[in-house]
$ cat structure-v2.tsv   # TSV, C-alpha atoms
chain	number	residue	atom	x	y	z
A	1	PHE	CA	-34.69	33.86	-1.83
A	2	LYS	CA	-37.64	33.19	0.43
A	3	TYR	CA	-39.42	29.85	0.36
A	4	LEU	CA	-42.24	28.89	2.76
A	5	GLY	CA	-41.35	31.78	5.05
A	6	VAL	CA	-37.66	30.84	5.41
A	7	THR	CA	-34.96	32.98	3.84
A	8	SER	CA	-32.16	31.06	2.11
A	9	THR	CA	-28.91	32.72	1.10
A	10	THR	CA	-26.16	31.64	-1.27
A	11	ASN	CA	-23.64	31.20	1.55
A	12	GLY	CA	-25.99	28.91	3.52
A	13	LYS	CA	-25.91	31.05	6.68
A	14	SER	CA	-29.03	31.69	8.70
A	15	THR	CA	-28.20	35.25	9.82
A	16	GLN	CA	-30.54	36.84	7.25
A	17	ASP	CA	-33.40	34.52	8.23
A	18	ILE	CA	-32.88	35.26	11.93
A	19	ALA	CA	-32.85	39.00	11.25
A	20	ASN	CA	-36.09	38.66	9.26
A	21	LYS	CA	-37.76	36.68	12.06
A	22	VAL	CA	-36.68	39.22	14.70
A	23	GLY	CA	-38.10	42.00	12.50
A	24	GLN	CA	-41.38	40.13	12.12
A	25	GLY	CA	-41.51	39.61	15.88
A	26	LYS	CA	-40.96	43.34	16.48
A	27	ARG	CA	-43.76	44.20	14.06
A	28	VAL	CA	-46.13	41.82	15.85
A	29	ILE	CA	-45.23	43.25	19.26
A	30	GLY	CA	-45.86	46.74	17.87
A	31	GLN	CA	-49.29	45.66	16.65
A	32	LEU	CA	-50.09	44.07	20.03
A	33	ASN	CA	-48.83	47.10	21.96
A	34	SER	CA	-52.23	48.36	23.09
A	35	LEU	CA	-53.19	44.89	24.32
A	36	LEU	CA	-49.91	44.40	26.15
A	37	TRP	CA	-50.11	47.68	28.06
A	38	SER	CA	-53.77	47.10	28.95
A	39	ASP	CA	-54.61	46.21	32.54
A	40	LYS	CA	-57.91	44.63	31.45
A	41	ILE	CA	-56.16	41.60	29.92
A	42	SER	CA	-54.84	39.01	32.35
A	43	GLN	CA	-51.20	37.99	32.54
A	44	LYS	CA	-52.17	34.43	31.61
A	45	THR	CA	-53.77	35.65	28.38
A	46	LYS	CA	-50.66	37.67	27.54
A	47	ILE	CA	-48.51	34.56	28.03
A	48	LEU	CA	-50.81	32.66	25.68
A	49	LEU	CA	-50.52	35.49	23.14
A	50	TYR	CA	-46.75	35.25	23.36
A	51	LYS	CA	-46.68	31.48	22.87
A	52	ALA	CA	-49.26	31.47	20.08
A	53	ILE	CA	-48.18	34.50	18.09
A	54	VAL	CA	-44.79	35.99	18.89
A	55	GLU	CA	-42.82	32.84	19.69
A	56	SER	CA	-44.30	30.86	16.82
A	57	ILE	CA	-43.58	33.59	14.27
A	58	THR	CA	-40.07	34.25	15.57
A	59	THR	CA	-38.98	30.62	15.82
A	60	TYR	CA	-40.50	29.36	12.57
A	61	GLY	CA	-37.76	27.43	10.79
A	62	ALA	CA	-35.38	27.66	13.78
A	63	GLU	CA	-34.56	23.94	13.58
A	64	THR	CA	-31.69	24.65	11.22
A	65	TRP	CA	-30.30	27.86	12.71
A	66	GLU	CA	-26.75	28.14	13.99
A	67	LEU	CA	-26.92	30.94	16.55
A	68	ASN	CA	-24.04	33.15	17.58
A	69	LYS	CA	-23.94	35.38	20.66
A	70	VAL	CA	-25.20	38.51	18.87
A	71	GLU	CA	-28.23	36.70	17.43
A	72	LYS	CA	-29.02	35.11	20.80
A	73	ASN	CA	-28.97	38.55	22.41
A	74	LYS	CA	-31.32	39.94	19.74
A	75	LEU	CA	-33.79	37.13	20.33
A	76	LEU	CA	-33.64	37.57	24.11
A	77	SER	CA	-34.07	41.32	23.70
A	78	LEU	CA	-37.17	40.78	21.57
A	79	GLU	CA	-38.61	38.45	24.17
A	80	MET	CA	-37.91	40.83	27.04
A	81	ASP	CA	-39.53	43.69	25.10
A	82	PHE	CA	-42.73	41.64	25.00
A	83	TRP	CA	-42.54	40.74	28.72
A	84	ARG	CA	-41.82	44.33	29.78
A	85	ARG	CA	-44.83	45.61	27.86
A	86	SER	CA	-46.93	42.79	29.33
A	87	CYS	CA	-45.94	43.83	32.87
A	88	ARG	CA	-46.53	47.47	31.94
A	89	ILE	CA	-42.99	48.32	33.04
A	90	SER	CA	-40.92	50.78	31.04
A	91	ARG	CA	-37.19	50.37	30.53
A	92	LEU	CA	-36.82	53.77	32.20
A	93	GLU	CA	-37.86	52.17	35.49
A	94	HIS	CA	-34.58	50.18	35.56
A	95	ILE	CA	-36.09	46.88	36.65
A	96	SER	CA	-33.91	43.90	35.83
A	97	ASN	CA	-34.84	41.24	33.30
A	98	GLN	CA	-34.65	38.61	36.03
A	99	ARG	CA	-37.24	40.47	38.08
A	100	ILE	CA	-39.51	40.79	35.03
A	101	ARG	CA	-39.28	37.01	34.52
A	102	GLU	CA	-40.21	36.47	38.19
A	103	ILE	CA	-43.27	38.70	37.80
A	104	ILE	CA	-44.38	36.88	34.65
A	105	GLY	CA	-43.53	33.42	36.00
A	106	GLU	CA	-41.74	32.31	32.83
A	107	LYS	CA	-38.56	30.37	33.47
A	108	GLU	CA	-37.87	29.25	29.91
A	109	THR	CA	-36.49	31.65	27.34
A	110	ILE	CA	-36.99	31.77	23.61
A	111	LEU	CA	-33.55	30.14	23.29
A	112	ASP	CA	-34.84	27.11	25.22
A	113	ALA	CA	-37.71	26.82	22.73
A	114	ILE	CA	-35.24	27.01	19.83
A	115	ASP	CA	-33.01	24.36	21.44
A	116	GLY	CA	-36.06	22.11	21.80
A	117	LYS	CA	-36.86	22.54	18.11
A	118	ILE	CA	-33.26	21.83	17.13
A	119	LEU	CA	-33.13	18.68	19.24
A	120	SER	CA	-36.49	17.51	17.92
A	121	TRP	CA	-35.27	17.90	14.33
A	122	TYR	CA	-31.93	16.23	15.14
A	123	GLY	CA	-33.67	13.19	16.64
A	124	HIS	CA	-35.96	12.97	13.63
A	125	LEU	CA	-32.98	13.30	11.30
A	126	GLN	CA	-31.05	10.53	13.06
A	127	ARG	CA	-34.02	8.14	12.87
A	128	MET	CA	-34.39	8.65	9.09
A	129	ASP	CA	-33.31	6.06	6.54
A	130	ASP	CA	-29.81	6.68	5.20
A	131	ASN	CA	-31.01	7.14	1.62
A	132	ARG	CA	-33.29	10.14	2.41
A	133	TRP	CA	-32.05	13.55	1.23
A	134	PRO	CA	-32.03	15.35	4.58
A	135	LYS	CA	-29.93	12.57	6.13
A	136	ARG	CA	-27.57	12.49	3.15
A	137	ILE	CA	-27.09	16.26	3.24
A	138	HIS	CA	-26.49	16.19	7.00
A	139	SER	CA	-23.77	13.55	6.70
A	140	TRP	CA	-22.13	15.13	3.61
A	141	THR	CA	-18.67	16.68	4.04
A	142	PRO	CA	-17.39	19.25	1.51
A	143	SER	CA	-14.23	18.22	-0.33
A	144	GLU	CA	-12.45	21.59	-0.32
A	145	ARG	CA	-10.39	22.92	2.56
A	146	ARG	CA	-11.79	25.38	5.07
A	147	LYS	CA	-10.59	28.96	5.11
A	148	ARG	CA	-7.88	30.08	7.48
A	149	GLY	CA	-8.77	31.59	10.82
A	150	ARG	CA	-11.41	30.74	13.33
A	151	PRO	CA	-13.87	28.21	11.93
A	152	PRO	CA	-17.51	29.31	11.81
A	153	ARG	CA	-19.94	27.82	14.29
A	154	ARG	CA	-21.57	24.71	12.93
A	155	TRP	CA	-25.15	23.55	13.44
A	156	LYS	CA	-23.89	20.32	15.00
A	157	GLN	CA	-22.11	22.30	17.74
A	158	GLY	CA	-25.44	23.89	18.68
A	159	VAL	CA	-26.98	20.41	18.87
A	160	VAL	CA	-24.17	19.20	21.14
A	161	ASP	CA	-24.55	22.25	23.41
A	162	ALA	CA	-28.32	21.73	23.65
A	163	MET	CA	-27.85	18.02	24.40
A	164	ASN	CA	-25.32	18.78	27.14
A	165	SER	CA	-27.60	21.35	28.77
A	166	ARG	CA	-30.47	18.84	28.89
A	167	GLY	CA	-28.46	15.78	29.91
A	168	LEU	CA	-28.96	13.91	26.64
A	169	GLN	CA	-26.46	11.44	25.20
A	170	GLU	CA	-25.78	10.81	21.51
A	171	GLU	CA	-27.56	7.43	21.54
A	172	ASP	CA	-30.71	8.70	23.28
A	173	TRP	CA	-32.36	9.59	19.96
A	174	THR	CA	-33.13	5.88	19.46
A	175	ASP	CA	-35.76	6.08	22.23
A	176	ARG	CA	-38.27	8.47	20.68
A	177	ASN	CA	-40.33	9.08	23.85
A	178	LEU	CA	-37.28	9.78	26.03
A	179	TRP	CA	-35.85	12.09	23.36
A	180	LYS	CA	-39.08	14.10	23.09
A	181	LEU	CA	-39.42	14.30	26.85
A	182	ARG	CA	-35.87	15.48	27.47
A	183	SER	CA	-35.71	17.81	24.47
A	184	GLY	CA	-38.67	19.75	25.86
A	185	ARG	CA	-41.06	18.98	23.02
A	186	ARG	CA	-43.35	16.96	25.27
A	187	ARG	CA	-44.63	18.02	28.67
A	188	MET	CA	-44.09	15.75	31.62
A	189	SER	CA	-47.36	14.42	33.08

$ encode --input "structure-v2.tsv" --output "structure tokens"
Amino acid sequence: FKYLGVTSTTNGKSTQDIANKVGQGKRVIGQLNSLLWSDKISQKTKILLYKAIVESITTYGAETWELNKVEKNKLLSLEMDFWRRSCRISRLEHISNQRIREIIGEKETILDAIDGKILSWYGHLQRMDDNRWPKRIHSWTPSERRKRGRPPRRWKQGVVDAMNSRGLQEEDWTDRNLWKLRSGRRRMS
């Protein structure tokens, strides 16, 4: 079912929600197509359009996603589709994604924005009182055994990966300002 724009499934996976968000992002890019290919709109305005519309729609509810490689590639592909149209460069021209990023001047990817959201939520979750429902659900462990085979990727593993990439330690969430600064949710002045 869908509640407040986030799709929830019976198995608790976020793959359906991610697919819905990528589809919504593609629809938005399609609607902005004439603006993106226009040479009358500045590159700065196109970057603002991306941040305000495409990224916000695509990453809504991303705090709880556990991303696998396929989903990461779909999100990066969506982002590069927007940047290519903004630069007015077709895929037939065989210009690399790295070169497109250099032209645009964007170093951060949509995955960095998602990691920032995940870390922001994790810090907030850790600072909660122990009797609050989100904290209780986060610390709950199912009683039944896991299935055989390779275990599925857990949300906590994504948090650990994001912390390692940004040089955060487990105890850093206690300092709210440091956590926000390092997680990318606050700009350095």

$ atom_distance --input "structure-v2.tsv" --atom1 "CA of Ile118 in chain A" --atom2 "CA of Gly184 in chain A"
10.5 Å

$ closest_residue --input "structure-v2.tsv" --among "A:Trp83, A:Trp133, A:Tyr60, A:Trp65" --to "Ile47 in chain A" --atoms "all atoms listed in the file"
A:Trp83

$ closest_residue --input "structure-v2.tsv" --among "A:Glu71, A:Glu79, A:Glu171, A:Glu55" --to "Gln16 in chain A" --atoms "only C-alpha atoms"
A:Glu71

$ atom_distance --input "structure-v2.tsv" --atom1 "CA of Asp39 in chain A" --atom2 "CA of Ser56 in chain A"
24.3 Å

$ closest_residue --input "structure-v2.tsv" --among "A:Ser86, A:Gln98, A:Gln126, A:Asn131" --to "Glu170 in chain A" --atoms "all atoms listed in the file"
A:Gln126

$ residues_around --input "structure-v2.tsv" --residues "Trp155 in chain A" --least-positions-apart "5" --cutoff "9 Å" --atoms "all atoms listed in the file" --output "ChimeraX atom specification"
/A:64-67,160

$ closest_residue --input "structure-v2.tsv" --among "A:Ala19, A:Gln43, A:His124, A:Leu49" --to "Gly105 in chain A" --atoms "only C-alpha atoms"
A:Gln43

$ residues_around --input "structure-v2.tsv" --residues "range 111-113 of chain A" --least-positions-apart "6" --cutoff "12 Å" --atoms "all atoms listed in the file" --output "JSON, numbers by chain"
{"A": [51, 55, 56, 58, 59, 60, 61, 62, 63, 65, 66, 67, 68, 69, 71, 72, 73, 74, 75, 76, 77, 78, 79, 119, 120, 158, 161, 162, 163, 165, 166, 182, 183, 184, 185, 186]}

$ atom_distance --input "structure-v2.tsv" --atom1 "CA of Arg85 in chain A" --atom2 "CA of Asp17 in chain A"
25.3 Å

$ closest_residue --input "structure-v2.tsv" --among "A:Leu181, A:Met128, A:Ile137, A:Ile41" --to "Arg88 in chain A" --atoms "only C-alpha atoms"
A:Ile41

$ residues_around --input "structure-v2.tsv" --residues "Arg84 in chain A" --least-positions-apart "4" --cutoff "9 Å" --atoms "all atoms listed in the file" --output "tab-separated table (two decimals) with C-alpha atoms, in the frame of the given file"
chain	number	residue	atom	x	y	z
A	36	LEU	CA	-49.91	44.40	26.15
A	79	GLU	CA	-38.61	38.45	24.17
A	80	MET	CA	-37.91	40.83	27.04
A	88	ARG	CA	-46.53	47.47	31.94
A	89	ILE	CA	-42.99	48.32	33.04
A	90	SER	CA	-40.92	50.78	31.04
A	91	ARG	CA	-37.19	50.37	30.53
A	97	ASN	CA	-34.84	41.24	33.30
A	100	ILE	CA	-39.51	40.79	35.03

$ closest_residue --input "structure-v2.tsv" --among "A:Trp140, A:Tyr122, A:Trp173, A:Phe82" --to "Lys46 in chain A" --atoms "only C-alpha atoms"
A:Phe82

$ decode --input "structure-v2.tsv" --residues "range 109-131 of chain A" --atoms "C-alpha atoms" --output "compact mmCIF listing (two decimals), in the first residue's frame"
# COMPACT_ATOMS: atom_id res chain seq x y z
CA THR A 109 25.77 12.17 -6.83
CA ILE A 110 22.23 11.31 -5.88
CA LEU A 111 23.67 8.44 -3.82
CA ASP A 112 25.57 10.96 -1.69
CA ALA A 113 22.29 12.79 -1.04
CA ILE A 114 20.64 9.51 -0.04
CA ASP A 115 23.55 8.63 2.27
CA GLY A 116 23.19 12.04 3.90
CA LYS A 117 19.49 11.41 4.50
CA ILE A 118 20.20 7.95 5.91
CA LEU A 119 22.85 9.27 8.28
CA SER A 120 20.62 12.15 9.37
CA TRP A 121 17.81 9.70 10.22
CA TYR A 122 20.23 7.32 11.97
CA GLY A 123 21.59 10.11 14.19
CA HIS A 124 18.05 11.22 15.01
CA LEU A 125 17.07 7.63 15.76
CA GLN A 126 20.03 7.11 18.10
CA ARG A 127 19.24 10.29 20.05
CA MET A 128 15.61 9.21 20.64
CA ASP A 129 14.36 7.94 23.99
CA ASP A 130 14.40 4.15 24.24
CA ASN A 131 10.63 3.91 24.72
